[in-house]
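Asks: Below is the file data-v3.cif, with mmCIF, C-alpha atoms and all ligand atoms.
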```cif
data_query
#
loop_
_atom_site.label_atom_id
_atom_site.label_comp_id
_atom_site.auth_asym_id
_atom_site.auth_seq_id
_atom_site.Cartn_x
_atom_site.Cartn_y
_atom_site.Cartn_z
CA MET A 275 168.46 100.58 -16.93
CA LYS A 276 168.00 98.89 -13.58
CA VAL A 277 171.24 97.73 -12.00
CA LEU A 278 171.93 95.34 -9.13
CA VAL A 279 175.14 96.50 -7.40
CA VAL A 280 176.50 93.63 -5.35
CA GLY A 281 178.94 95.13 -2.84
CA GLY A 282 177.34 98.57 -3.20
CA ALA A 283 178.09 99.47 0.44
CA GLY A 284 181.83 99.27 -0.24
CA TYR A 285 184.27 101.84 -1.59
CA ILE A 286 184.05 101.36 -5.36
CA GLY A 287 180.50 99.95 -5.38
CA SER A 288 179.17 103.03 -3.56
CA HIS A 289 180.92 105.43 -5.93
CA THR A 290 179.57 103.49 -8.90
CA THR A 291 176.07 103.66 -7.39
CA TYR A 292 176.39 107.45 -7.11
CA GLU A 293 177.42 107.69 -10.77
CA LEU A 294 174.63 105.35 -11.92
CA ILE A 295 172.07 107.49 -10.11
CA ARG A 296 173.57 110.71 -11.50
CA ALA A 297 173.26 109.17 -14.98
CA GLY A 298 169.54 108.53 -14.35
CA HIS A 299 169.64 104.77 -13.73
CA GLU A 300 167.81 102.79 -11.05
CA VAL A 301 169.96 100.94 -8.49
CA VAL A 302 169.37 98.03 -6.12
CA VAL A 303 172.16 97.19 -3.65
CA LEU A 304 172.93 93.77 -2.16
CA ASP A 305 175.68 93.63 0.47
CA ASN A 306 176.57 91.59 3.56
CA LEU A 307 178.25 94.63 5.17
CA SER A 308 181.38 92.56 5.92
CA THR A 309 183.65 95.45 4.91
CA GLY A 310 181.05 97.86 3.54
CA ARG A 311 179.07 100.37 5.56
CA GLN A 312 175.34 101.03 5.54
CA HIS A 313 175.99 104.79 5.40
CA ASN A 314 177.75 104.34 2.03
CA VAL A 315 174.49 103.13 0.47
CA HIS A 316 172.90 105.91 -1.58
CA PRO A 317 169.48 106.91 -0.14
CA GLN A 318 167.81 106.56 -3.55
CA THR A 319 168.56 102.81 -3.79
CA SER A 320 166.69 99.77 -2.51
CA PHE A 321 169.02 98.01 -0.08
CA TYR A 322 168.96 94.27 0.64
CA TRP A 323 171.23 92.70 3.23
CA GLY A 324 172.51 89.39 1.82
CA ASP A 325 175.52 87.22 1.13
CA ILE A 326 176.28 86.08 -2.42
CA ARG A 327 177.57 82.75 -1.16
CA HIS A 328 173.90 81.93 -0.40
CA LYS A 329 171.95 81.58 -3.62
CA SER A 330 168.61 82.28 -1.96
CA ASP A 331 169.89 85.72 -0.86
CA ILE A 332 170.40 86.61 -4.53
CA THR A 333 167.30 84.98 -6.01
CA ARG A 334 165.19 86.70 -3.32
CA VAL A 335 166.36 90.08 -4.63
CA LEU A 336 166.06 89.18 -8.31
CA GLU A 337 162.54 87.78 -7.82
CA ALA A 338 161.41 90.74 -5.70
CA GLU A 339 162.63 93.19 -8.33
CA HIS A 340 161.09 91.10 -11.13
CA SER A 341 157.72 91.23 -9.37
CA THR A 342 157.77 95.06 -9.57
CA GLY A 343 157.42 94.71 -13.35
CA LYS A 344 160.91 96.14 -13.86
CA PRO A 345 163.47 93.33 -13.61
CA ILE A 346 167.22 93.80 -13.16
CA ASP A 347 168.96 94.51 -16.49
CA VAL A 348 172.59 94.37 -15.33
CA ALA A 349 174.32 92.91 -12.26
CA MET A 350 177.60 94.45 -11.09
CA HIS A 351 179.91 92.43 -8.84
CA PHE A 352 182.16 94.28 -6.35
CA ALA A 353 181.76 91.79 -3.48
CA ALA A 354 185.31 90.54 -3.01
CA LYS A 355 187.98 90.29 -0.36
CA LEU A 356 191.01 92.25 -1.60
CA ILE A 357 193.83 92.46 0.94
CA VAL A 358 196.85 90.81 -0.66
CA PRO A 359 198.78 89.81 2.53
CA GLN A 360 195.55 88.43 4.02
CA SER A 361 195.00 86.39 0.84
CA VAL A 362 198.45 84.87 1.33
CA SER A 363 197.70 83.81 4.92
CA GLN A 364 194.03 82.84 4.29
CA PRO A 365 193.80 81.59 0.68
CA LEU A 366 190.78 79.37 1.35
CA ALA A 367 188.74 82.31 2.63
CA TYR A 368 189.61 84.18 -0.57
CA TYR A 369 188.63 81.31 -2.84
CA GLU A 370 185.42 80.85 -0.87
CA ASN A 371 184.30 84.47 -0.93
CA ASN A 372 185.63 85.55 -4.31
CA VAL A 373 185.33 82.44 -6.48
CA GLU A 374 182.52 80.52 -4.78
CA GLY A 375 180.63 83.79 -4.21
CA LEU A 376 180.77 84.64 -7.91
CA ARG A 377 179.88 81.06 -8.92
CA THR A 378 176.76 81.17 -6.76
CA MET A 379 175.84 84.61 -8.04
CA LEU A 380 176.21 83.55 -11.69
CA GLU A 381 174.06 80.48 -11.06
CA ALA A 382 171.32 82.71 -9.64
CA LEU A 383 171.62 85.19 -12.52
CA VAL A 384 171.37 82.44 -15.14
CA GLU A 385 168.36 80.88 -13.39
CA CYS A 386 166.60 84.26 -13.11
CA ASN A 387 167.48 85.23 -16.68
CA VAL A 388 169.72 88.22 -15.90
CA ARG A 389 172.14 88.21 -18.82
CA ASN A 390 174.45 91.20 -18.32
CA VAL A 391 177.31 91.22 -15.80
CA VAL A 392 179.92 93.83 -14.92
CA PHE A 393 182.86 92.47 -12.92
CA SER A 394 185.58 94.26 -10.89
CA SER A 395 188.94 92.77 -11.69
CA THR A 396 192.41 94.02 -10.97
CA ALA A 397 195.87 94.66 -12.39
CA ALA A 398 196.98 91.95 -9.91
CA VAL A 399 196.05 89.42 -12.62
CA TYR A 400 199.15 90.58 -14.55
CA GLY A 401 201.53 89.73 -11.67
CA GLU A 402 204.97 91.18 -12.37
CA PRO A 403 204.85 92.01 -16.08
CA ASP A 404 208.05 92.22 -18.13
CA ALA A 405 206.92 95.35 -19.99
CA PRO A 406 206.13 98.62 -18.13
CA GLU A 407 202.83 99.07 -19.96
CA CYS A 408 200.12 96.44 -19.41
CA SER A 409 197.73 95.63 -22.24
CA GLU A 410 194.75 93.36 -21.91
CA ASP A 411 196.23 90.81 -24.32
CA GLY A 412 199.46 90.54 -22.33
CA PRO A 413 200.21 87.48 -20.17
CA THR A 414 198.33 86.99 -16.88
CA LYS A 415 200.58 85.56 -14.15
CA PRO A 416 199.22 86.43 -10.69
CA ILE A 417 201.72 86.17 -7.84
CA ASN A 418 199.29 85.94 -4.91
CA PRO A 419 195.99 84.20 -4.07
CA TYR A 420 194.03 87.45 -4.42
CA GLY A 421 195.14 87.87 -8.06
CA GLU A 422 194.58 84.16 -8.70
CA THR A 423 190.99 84.32 -7.42
CA LYS A 424 190.28 87.33 -9.65
CA LEU A 425 191.73 85.60 -12.70
CA ALA A 426 189.69 82.47 -11.90
CA CYS A 427 186.59 84.69 -11.71
CA GLU A 428 187.36 86.29 -15.08
CA LYS A 429 187.67 82.86 -16.69
CA MET A 430 184.53 81.57 -14.99
CA ILE A 431 182.52 84.51 -16.33
CA GLN A 432 183.86 83.93 -19.84
CA TRP A 433 182.98 80.22 -19.80
CA VAL A 434 179.52 80.86 -18.34
CA ALA A 435 178.95 83.61 -20.90
CA ALA A 436 179.76 81.19 -23.71
CA ALA A 437 177.48 78.50 -22.30
CA HIS A 438 174.51 80.62 -21.23
CA GLY A 439 174.60 83.65 -23.51
CA LEU A 440 175.70 86.28 -20.97
CA ASN A 441 177.26 89.59 -21.92
CA TYR A 442 180.09 90.60 -19.62
CA CYS A 443 182.18 93.67 -18.97
CA ILE A 444 185.35 92.77 -17.05
CA LEU A 445 187.27 95.81 -15.79
CA ARG A 446 190.86 95.51 -14.55
CA TYR A 447 191.61 98.37 -12.18
CA PHE A 448 195.00 99.86 -11.43
CA ASN A 449 195.55 101.97 -8.25
CA VAL A 450 192.23 103.49 -7.21
CA ALA A 451 191.97 106.41 -4.77
CA GLY A 452 190.09 109.61 -4.04
CA ALA A 453 186.58 110.40 -2.87
CA ASP A 454 183.30 111.57 -4.37
CA GLU A 455 183.18 115.35 -4.81
CA SER A 456 180.23 115.54 -2.36
CA LEU A 457 182.57 114.04 0.30
CA GLU A 458 179.58 111.92 1.40
CA ILE A 459 181.49 108.75 0.51
CA GLY A 460 185.18 107.90 0.23
CA LEU A 461 187.80 105.46 1.42
CA ASP A 462 187.88 105.09 5.21
CA LYS A 463 189.77 101.85 5.76
CA ASP A 464 192.97 101.96 7.76
CA TYR A 465 194.22 98.43 7.07
CA LEU A 466 195.02 99.10 3.40
CA THR A 467 198.64 98.82 2.36
CA TRP A 468 198.63 100.84 -0.88
CA LEU A 469 200.56 104.08 -1.28
CA ILE A 470 197.78 106.69 -1.14
CA PRO A 471 195.97 105.18 1.90
CA LEU A 472 199.40 104.95 3.61
CA ILE A 473 200.12 108.62 2.82
CA MET A 474 196.75 109.56 4.35
CA GLN A 475 197.39 107.48 7.46
CA ALA A 476 200.79 109.15 7.96
CA ALA A 477 199.30 112.61 7.32
CA LEU A 478 196.48 112.05 9.82
CA GLY A 479 198.69 110.50 12.53
CA ILE A 480 197.14 107.02 12.20
CA ARG A 481 200.67 105.72 11.56
CA ASP A 482 203.99 107.34 12.56
CA LYS A 483 205.35 107.79 9.07
CA LEU A 484 205.29 106.67 5.47
CA PHE A 485 208.06 104.31 4.38
CA ILE A 486 209.26 104.63 0.78
CA TYR A 487 210.56 101.22 -0.17
CA GLY A 488 213.60 101.72 -2.38
CA ASN A 489 215.00 104.68 -4.32
CA ASP A 490 217.30 102.76 -6.62
CA TYR A 491 214.78 101.56 -9.21
CA ASN A 492 215.36 102.14 -12.89
CA THR A 493 213.20 105.29 -13.02
CA PRO A 494 214.13 109.01 -13.24
CA ASP A 495 213.97 109.61 -9.46
CA GLY A 496 214.69 106.00 -8.42
CA THR A 497 211.23 105.28 -6.93
CA CYS A 498 208.65 102.96 -8.50
CA ILE A 499 206.19 104.36 -11.03
CA ARG A 500 202.51 103.35 -10.86
CA ASP A 501 199.21 104.31 -12.47
CA TYR A 502 196.66 106.08 -10.22
CA ILE A 503 193.00 106.60 -11.10
CA HIS A 504 190.32 108.65 -9.35
CA VAL A 505 187.46 106.50 -8.09
CA THR A 506 184.85 108.71 -9.82
CA ASP A 507 186.56 108.27 -13.22
CA LEU A 508 186.57 104.53 -12.52
CA ALA A 509 182.90 104.55 -11.48
CA GLN A 510 181.89 106.41 -14.63
CA ALA A 511 183.58 103.73 -16.73
CA HIS A 512 181.28 101.16 -15.06
CA VAL A 513 178.22 103.12 -16.12
CA LEU A 514 179.52 103.24 -19.70
CA GLY A 515 180.48 99.55 -19.56
CA ALA A 516 177.00 98.49 -18.43
CA GLU A 517 175.34 100.68 -21.06
CA TYR A 518 177.71 99.25 -23.70
CA ILE A 519 176.96 95.58 -23.08
CA LEU A 520 173.23 96.18 -22.77
CA LYS A 521 173.03 98.23 -25.96
CA ASN A 522 175.44 96.23 -28.13
CA GLN A 523 174.79 92.77 -26.64
CA GLN A 524 178.55 92.28 -26.74
CA SER A 525 181.16 91.53 -24.10
CA LEU A 526 184.41 93.31 -23.33
CA LEU A 527 187.41 93.15 -21.04
CA CYS A 528 189.48 96.27 -20.47
CA ASN A 529 191.96 98.03 -18.22
CA LEU A 530 190.99 101.08 -16.21
CA GLY A 531 193.79 103.39 -15.16
CA SER A 532 194.90 106.89 -16.02
CA GLY A 533 197.19 105.63 -18.77
CA SER A 534 200.10 107.54 -17.26
CA GLY A 535 202.37 106.99 -14.29
CA TYR A 536 203.67 108.82 -11.25
CA SER A 537 206.62 107.80 -9.15
CA VAL A 538 206.20 107.27 -5.41
CA LYS A 539 208.26 110.42 -4.91
CA GLU A 540 206.04 112.43 -7.27
CA VAL A 541 202.91 111.28 -5.43
CA LEU A 542 204.49 112.19 -2.11
CA ASP A 543 205.60 115.61 -3.42
CA ALA A 544 202.06 116.30 -4.70
CA ALA A 545 200.70 115.33 -1.27
CA LEU A 546 203.29 117.52 0.51
CA GLU A 547 201.96 120.53 -1.42
CA LEU A 548 198.57 119.91 0.21
CA PHE A 549 199.44 118.70 3.74
CA PRO A 550 202.45 117.51 5.82
CA VAL A 551 203.42 113.82 5.58
CA PRO A 552 206.21 112.38 7.78
CA PHE A 553 208.23 109.89 5.68
CA GLU A 554 211.44 107.88 5.57
CA TYR A 555 213.25 105.83 2.92
CA ALA A 556 213.58 102.09 3.54
CA ALA A 557 215.00 99.09 1.68
CA ARG A 558 213.31 97.71 -1.45
CA ARG A 559 210.59 95.09 -1.03
CA PRO A 560 210.86 91.94 -3.14
CA GLY A 561 208.68 91.74 -6.24
CA ASP A 562 208.07 95.44 -6.97
CA PRO A 563 208.54 96.09 -10.71
CA ASP A 564 210.11 99.46 -11.70
CA ILE A 565 207.15 100.72 -13.69
CA LEU A 566 203.51 99.58 -14.09
CA ILE A 567 201.15 101.61 -16.24
CA ALA A 568 197.81 100.66 -17.80
CA ASN A 569 197.29 100.77 -21.51
CA ILE A 570 193.74 102.19 -21.65
CA ASP A 571 193.28 102.43 -25.43
CA ARG A 572 190.57 99.77 -25.42
CA ALA A 573 188.41 101.52 -22.81
CA ARG A 574 188.86 104.81 -24.65
CA LYS A 575 187.90 103.29 -27.99
CA LEU A 576 185.01 101.02 -27.01
CA LEU A 577 183.48 103.02 -24.17
CA GLY A 578 184.39 106.52 -25.31
CA TRP A 579 185.78 106.95 -21.79
CA GLU A 580 188.52 109.30 -20.71
CA PRO A 581 189.75 109.78 -17.12
CA THR A 582 189.65 113.50 -16.29
CA ARG A 583 190.72 113.85 -12.63
CA ASN A 584 194.41 114.43 -11.93
CA LEU A 585 196.68 113.33 -9.10
CA ARG A 586 196.08 116.52 -7.11
CA THR A 587 192.29 115.95 -7.23
CA ILE A 588 192.77 112.33 -6.15
CA LEU A 589 194.90 113.33 -3.15
CA LYS A 590 192.88 116.38 -2.14
CA SER A 591 189.49 114.63 -2.28
CA ASP A 592 190.85 111.65 -0.35
CA TYR A 593 192.36 113.87 2.33
CA ASP A 594 189.29 116.14 2.60
CA PHE A 595 187.01 113.12 2.98
CA ARG A 596 189.17 111.63 5.73
CA ARG A 597 189.40 114.94 7.57
CA LYS A 598 185.64 115.31 7.41
CA LEU A 599 185.16 111.77 8.68
CA ALA A 600 187.66 112.24 11.54
CA GLU A 601 185.90 115.47 12.56
CA SER A 602 182.46 113.82 12.51
CA ARG A 603 183.81 110.95 14.65
CA ARG A 604 185.20 113.42 17.18
CA GLY A 605 181.66 114.71 17.40
N1 LIG A 701 190.06 99.21 -4.00
C1 LIG A 701 190.93 99.01 -4.98
O1 LIG A 701 191.93 99.74 -5.11
C2 LIG A 701 190.71 97.89 -5.98
C3 LIG A 701 191.69 97.66 -6.97
C4 LIG A 701 191.47 96.65 -7.90
C5 LIG A 701 190.30 95.90 -7.84
N2 LIG A 701 189.40 96.13 -6.86
C6 LIG A 701 188.16 95.30 -6.82
O2 LIG A 701 187.06 96.16 -6.66
C7 LIG A 701 186.03 95.51 -5.90
C8 LIG A 701 185.56 96.43 -4.81
O3 LIG A 701 186.65 96.81 -3.99
P1 LIG A 701 186.45 97.87 -2.83
O4 LIG A 701 187.74 98.57 -2.64
O5 LIG A 701 185.24 98.68 -3.07
O6 LIG A 701 186.23 96.89 -1.59
P2 LIG A 701 185.23 97.02 -0.37
O7 LIG A 701 185.69 96.04 0.66
O8 LIG A 701 185.11 98.45 0.05
O9 LIG A 701 183.85 96.57 -1.00
C9 LIG A 701 183.43 95.24 -1.13
C10 LIG A 701 181.96 95.21 -0.74
O10 LIG A 701 181.46 93.90 -0.96
C11 LIG A 701 180.78 93.42 0.21
N3 LIG A 701 180.94 91.96 0.23
C12 LIG A 701 182.11 91.27 0.32
N4 LIG A 701 181.85 89.93 0.29
C13 LIG A 701 180.50 89.80 0.15
C14 LIG A 701 179.62 88.69 0.06
N5 LIG A 701 180.08 87.44 0.14
N6 LIG A 701 178.30 88.92 -0.09
C15 LIG A 701 177.80 90.18 -0.14
N7 LIG A 701 178.58 91.28 -0.04
C16 LIG A 701 179.91 91.08 0.10
C17 LIG A 701 181.46 94.15 1.38
O11 LIG A 701 180.66 94.25 2.53
C18 LIG A 701 181.74 95.51 0.74
O12 LIG A 701 180.64 96.38 0.88
C19 LIG A 701 186.65 94.19 -5.43
O13 LIG A 701 186.15 93.17 -6.25
C20 LIG A 701 188.13 94.36 -5.64
O14 LIG A 701 188.76 93.14 -5.94
C21 LIG A 701 189.57 97.10 -5.92
#
```
Starting from the coordinates I provided, produce the structure as structure tokens.

Replies:
Amino acid sequence: MKVLVVGGAGYIGSHTTYELIRAGHEVVVLDNLSTGRQHNVHPQTSFYWGDIRHKSDITRVLEAEHSTGKPIDVAMHFAAKLIVPQSVSQPLAYYENNVEGLRTMLEALVECNVRNVVFSSTAAVYGEPDAPECSEDGPTKPINPYGETKLACEKMIQWVAAAHGLNYCILRYFNVAGADESLEIGLDKDYLTWLIPLIMQAALGIRDKLFIYGNDYNTPDGTCIRDYIHVTDLAQAHVLGAEYILKNQQSLLCNLGSGSGYSVKEVLDAALELFPVPFEYAARRPGDPDILIANIDRARKLLGWEPTRNLRTILKSDYDFRRKLAESRRG
């Protein structure tokens, strides 16, 4: 199949591109390089600079690829803003990029007769669930503009699919980390506020120390439990998801996580076995549930997918990639 990866210069889009190419598919990347990097774009892809908020940037790519005699079969959308605190201070920018960007992209896809869409969603659509395990049919109650924009996008895709005969694959990610085994691509952003990027920043001296917010939660060691998934496992699920909707002409929405949880303390201990991390306990933050784990039965059943990389592989690949990057920057 021929896949348009929108946001393919970013973290998850680039890893998905690598997995698509390894699976023998053809990839075209469209990206405005706002947070992505040109060097993340796989050399075997055709790259187009463009912004999905401008319809002509998308139709230009779709028409150019159509004229080769091999049109785009599936479009994957990764092109979002995703920093939760920034979404709280700049909600309009998030609605514009995430919701208006997707609306424009869907309009172009419908006009150019591209009928299969894979969309990156997030566990943030669940908000603060009452139950520790999140299933796709559970309530969606986002607690920040980022989660709201993603939920609005999910609904938009579903309505457009019903009206225009699209097949969609909506994937709700839990905590994604790690780097490709080649160490050519990985996560190199220092403004991220999730646990594993924060551990890496503390380990590499980019920040003084890691703060562990609260050790009095209702969990065995008192720290919050979350679900962590390796980016390559996640990327492989996208390949299966695209193949599934194309082959079956059916839509699906599913969670992507490991299906099991680790406490903050367990993640830190696993990291400490690999490298030193300065850390300190601090007070709880408001709004952190005790436990959040993905139910991944649906992805297992429909896609035949199973995450295979463990926490140690996630941490080690992430660290090795960052070390390599820091060394190359030092020259
Ligand atoms: N990283 C995570 O842990 C995580 C978790 C849950 C969901 N997600 C979702 O996964 C997707 C990808 O996240 P990521 O971590 O790879 O982010 P990223 O910032 O690394 O990648 C986003 C890419 O999209 C491009 N882009 C953004 N707006 C664009 C626009 N208007 N036009 C064209 N290109 C544009 C950026 O330049 C970048 O290359 C997002 O939709 C995000 O909501 C990510």

Asks: Provide the CA of Gly282 (chain A) to CA of Gly375 (chain A) distance in Å, to one decimal place.

Replies: 15.2 Å

Asks: Just checking: using all atoms listed in the file, which residue out of A:Pro471, A:Pro317, A:Gly452, A:Gly281 ends up closest to ligand LIG 701 (chain A)?

Replies: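 Of all the options, A:Gly281 lies closest to ligand LIG 701 (chain A).
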
Asks: Which residues are near ligand LIG 701 (chain A) in this structure, taking near to mean any atom at most 7 Å from a ligand atom and counting all atoms listed in the file? Format them as a PyMOL selection string.

Replies: chain A and resi 280-287+304-311+324-327+351-356+371+375+394-397+446-451

Asks: Please produce an output containing C-alpha atoms for each residue in the selection, written as a PDB file, in the coordinates of the input.

Replies:
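That gives us again.pdb:
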```
ATOM      1  CA  VAL A 280     176.500  93.630  -5.350  1.00  0.00           C
ATOM      2  CA  GLY A 281     178.940  95.130  -2.840  1.00  0.00           C
ATOM      3  CA  GLY A 282     177.340  98.570  -3.200  1.00  0.00           C
ATOM      4  CA  ALA A 283     178.090  99.470   0.440  1.00  0.00           C
ATOM      5  CA  GLY A 284     181.830  99.270  -0.240  1.00  0.00           C
ATOM      6  CA  TYR A 285     184.270 101.840  -1.590  1.00  0.00           C
ATOM      7  CA  ILE A 286     184.050 101.360  -5.360  1.00  0.00           C
ATOM      8  CA  GLY A 287     180.500  99.950  -5.380  1.00  0.00           C
ATOM      9  CA  LEU A 304     172.930  93.770  -2.160  1.00  0.00           C
ATOM     10  CA  ASP A 305     175.680  93.630   0.470  1.00  0.00           C
ATOM     11  CA  ASN A 306     176.570  91.590   3.560  1.00  0.00           C
ATOM     12  CA  LEU A 307     178.250  94.630   5.170  1.00  0.00           C
ATOM     13  CA  SER A 308     181.380  92.560   5.920  1.00  0.00           C
ATOM     14  CA  THR A 309     183.650  95.450   4.910  1.00  0.00           C
ATOM     15  CA  GLY A 310     181.050  97.860   3.540  1.00  0.00           C
ATOM     16  CA  ARG A 311     179.070 100.370   5.560  1.00  0.00           C
ATOM     17  CA  GLY A 324     172.510  89.390   1.820  1.00  0.00           C
ATOM     18  CA  ASP A 325     175.520  87.220   1.130  1.00  0.00           C
ATOM     19  CA  ILE A 326     176.280  86.080  -2.420  1.00  0.00           C
ATOM     20  CA  ARG A 327     177.570  82.750  -1.160  1.00  0.00           C
ATOM     21  CA  HIS A 351     179.910  92.430  -8.840  1.00  0.00           C
ATOM     22  CA  PHE A 352     182.160  94.280  -6.350  1.00  0.00           C
ATOM     23  CA  ALA A 353     181.760  91.790  -3.480  1.00  0.00           C
ATOM     24  CA  ALA A 354     185.310  90.540  -3.010  1.00  0.00           C
ATOM     25  CA  LYS A 355     187.980  90.290  -0.360  1.00  0.00           C
ATOM     26  CA  LEU A 356     191.010  92.250  -1.600  1.00  0.00           C
ATOM     27  CA  ASN A 371     184.300  84.470  -0.930  1.00  0.00           C
ATOM     28  CA  GLY A 375     180.630  83.790  -4.210  1.00  0.00           C
ATOM     29  CA  SER A 394     185.580  94.260 -10.890  1.00  0.00           C
ATOM     30  CA  SER A 395     188.940  92.770 -11.690  1.00  0.00           C
ATOM     31  CA  THR A 396     192.410  94.020 -10.970  1.00  0.00           C
ATOM     32  CA  ALA A 397     195.870  94.660 -12.390  1.00  0.00           C
ATOM     33  CA  ARG A 446     190.860  95.510 -14.550  1.00  0.00           C
ATOM     34  CA  TYR A 447     191.610  98.370 -12.180  1.00  0.00           C
ATOM     35  CA  PHE A 448     195.000  99.860 -11.430  1.00  0.00           C
ATOM     36  CA  ASN A 449     195.550 101.970  -8.250  1.00  0.00           C
ATOM     37  CA  VAL A 450     192.230 103.490  -7.210  1.00  0.00           C
ATOM     38  CA  ALA A 451     191.970 106.410  -4.770  1.00  0.00           C
TER      39      ALA A 451
END
```

Asks: For Val538 (chain A), list every protein, DNA or RNA residue within 12 Å, evaluated using all atoms listed in the file, and leave out those in the same chain fewer than 2 positions away; present the list as an mmCIF file with C-alpha atoms, in the frame of the given file.

Replies:
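This went into part_7.cif:
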```
data_model
loop_
_atom_site.group_PDB
_atom_site.id
_atom_site.type_symbol
_atom_site.label_atom_id
_atom_site.label_comp_id
_atom_site.auth_asym_id
_atom_site.auth_seq_id
_atom_site.Cartn_x
_atom_site.Cartn_y
_atom_site.Cartn_z
ATOM 1 C CA TRP A 468 198.630 100.840 -0.880
ATOM 2 C CA LEU A 469 200.560 104.080 -1.280
ATOM 3 C CA ILE A 470 197.780 106.690 -1.140
ATOM 4 C CA LEU A 472 199.400 104.950 3.610
ATOM 5 C CA ILE A 473 200.120 108.620 2.820
ATOM 6 C CA LEU A 484 205.290 106.670 5.470
ATOM 7 C CA PHE A 485 208.060 104.310 4.380
ATOM 8 C CA ILE A 486 209.260 104.630 0.780
ATOM 9 C CA TYR A 487 210.560 101.220 -0.170
ATOM 10 C CA GLY A 488 213.600 101.720 -2.380
ATOM 11 C CA ASN A 489 215.000 104.680 -4.320
ATOM 12 C CA TYR A 491 214.780 101.560 -9.210
ATOM 13 C CA THR A 493 213.200 105.290 -13.020
ATOM 14 C CA PRO A 494 214.130 109.010 -13.240
ATOM 15 C CA ASP A 495 213.970 109.610 -9.460
ATOM 16 C CA GLY A 496 214.690 106.000 -8.420
ATOM 17 C CA THR A 497 211.230 105.280 -6.930
ATOM 18 C CA CYS A 498 208.650 102.960 -8.500
ATOM 19 C CA ILE A 499 206.190 104.360 -11.030
ATOM 20 C CA ARG A 500 202.510 103.350 -10.860
ATOM 21 C CA ASP A 501 199.210 104.310 -12.470
ATOM 22 C CA TYR A 502 196.660 106.080 -10.220
ATOM 23 C CA GLY A 535 202.370 106.990 -14.290
ATOM 24 C CA TYR A 536 203.670 108.820 -11.250
ATOM 25 C CA GLU A 540 206.040 112.430 -7.270
ATOM 26 C CA VAL A 541 202.910 111.280 -5.430
ATOM 27 C CA LEU A 542 204.490 112.190 -2.110
ATOM 28 C CA ASP A 543 205.600 115.610 -3.420
ATOM 29 C CA ALA A 544 202.060 116.300 -4.700
ATOM 30 C CA ALA A 545 200.700 115.330 -1.270
ATOM 31 C CA PHE A 553 208.230 109.890 5.680
ATOM 32 C CA TYR A 555 213.250 105.830 2.920
ATOM 33 C CA ASP A 564 210.110 99.460 -11.700
ATOM 34 C CA ILE A 565 207.150 100.720 -13.690
ATOM 35 C CA LEU A 566 203.510 99.580 -14.090
ATOM 36 C CA LEU A 585 196.680 113.330 -9.100
#
```

Asks: Please identify all polymer residues within 9 Å of Ile431 (chain A), counting all atoms listed in the file, omitting same-chain residues fewer than 3 positions from it, and present them as a count of residues only.

Replies: 14

Asks: Each residue of region 357-448 of chain A with at least one atom at most 7 Å from region 335-347 of chain A should appear once, together with its nearest atom pair and the corresponding distance in Å (one decimal); atoms considered: all atoms listed in the file; ordering: chain, then increasing residue number; output as a Markdown table.

Replies:
```
| residue | atom | partner | partner_atom | distance |
| --- | --- | --- | --- | --- |
| A:Cys386 | CA | A:Leu336 | CA | 6.9 |
| A:Val388 | CA | A:Asp347 | CA | 6.4 |
| A:Asn390 | CA | A:Asp347 | CA | 6.7 |
```

Asks: When you draw a straight line from CA of Thr378 (chain A) to CA of His328 (chain A), how long is it in Å?

Replies: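 Separation of CA of Thr378 (chain A) and CA of His328 (chain A): 7.0 Å.
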
Asks: Let me make sure I understand: among A:Val277, A:Asp462, A:Asp594, A:Ile295, which one has the smallest atom-to-atom distance to Leu520 (chain A) if we use all atoms listed in the file?

Replies: A:Val277

Asks: Write out as an MDAnalysis selection string the residues lying within 12 Å of Pro419 (chain A), counting all atoms listed in the file and excluding same-chain residues fewer than 2 positions away.

Replies: chainID A and resid 355:370 372:373 398:399 401 415:417 421:426

Asks: Selection from above, C-alpha atoms, as a compact mmCIF listing (two decimals), in the frame of the given file, can you write it?

Replies:
```txt
# COMPACT_ATOMS: atom_id res chain seq x y z
CA LYS A 355 187.98 90.29 -0.36
CA LEU A 356 191.01 92.25 -1.60
CA ILE A 357 193.83 92.46 0.94
CA VAL A 358 196.85 90.81 -0.66
CA PRO A 359 198.78 89.81 2.53
CA GLN A 360 195.55 88.43 4.02
CA SER A 361 195.00 86.39 0.84
CA VAL A 362 198.45 84.87 1.33
CA SER A 363 197.70 83.81 4.92
CA GLN A 364 194.03 82.84 4.29
CA PRO A 365 193.80 81.59 0.68
CA LEU A 366 190.78 79.37 1.35
CA ALA A 367 188.74 82.31 2.63
CA TYR A 368 189.61 84.18 -0.57
CA TYR A 369 188.63 81.31 -2.84
CA GLU A 370 185.42 80.85 -0.87
CA ASN A 372 185.63 85.55 -4.31
CA VAL A 373 185.33 82.44 -6.48
CA ALA A 398 196.98 91.95 -9.91
CA VAL A 399 196.05 89.42 -12.62
CA GLY A 401 201.53 89.73 -11.67
CA LYS A 415 200.58 85.56 -14.15
CA PRO A 416 199.22 86.43 -10.69
CA ILE A 417 201.72 86.17 -7.84
CA GLY A 421 195.14 87.87 -8.06
CA GLU A 422 194.58 84.16 -8.70
CA THR A 423 190.99 84.32 -7.42
CA LYS A 424 190.28 87.33 -9.65
CA LEU A 425 191.73 85.60 -12.70
CA ALA A 426 189.69 82.47 -11.90
```

Asks: Kindly give the distance, in Å, that separates CA of Leu461 (chain A) and CA of Leu589 (chain A), rounded to a single decimal.

Replies: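 That distance, rounded to one decimal, is 11.5 Å.
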
Asks: List the neighbours of Ala600 (chain A) out to 12 Å using only C-alpha atoms; skip same-chain residues closer than 6 positions along the sequence, and give me the result as a VMD selection string.

Replies: chain A and resid 462 474 to 475 478 to 480 593 to 594
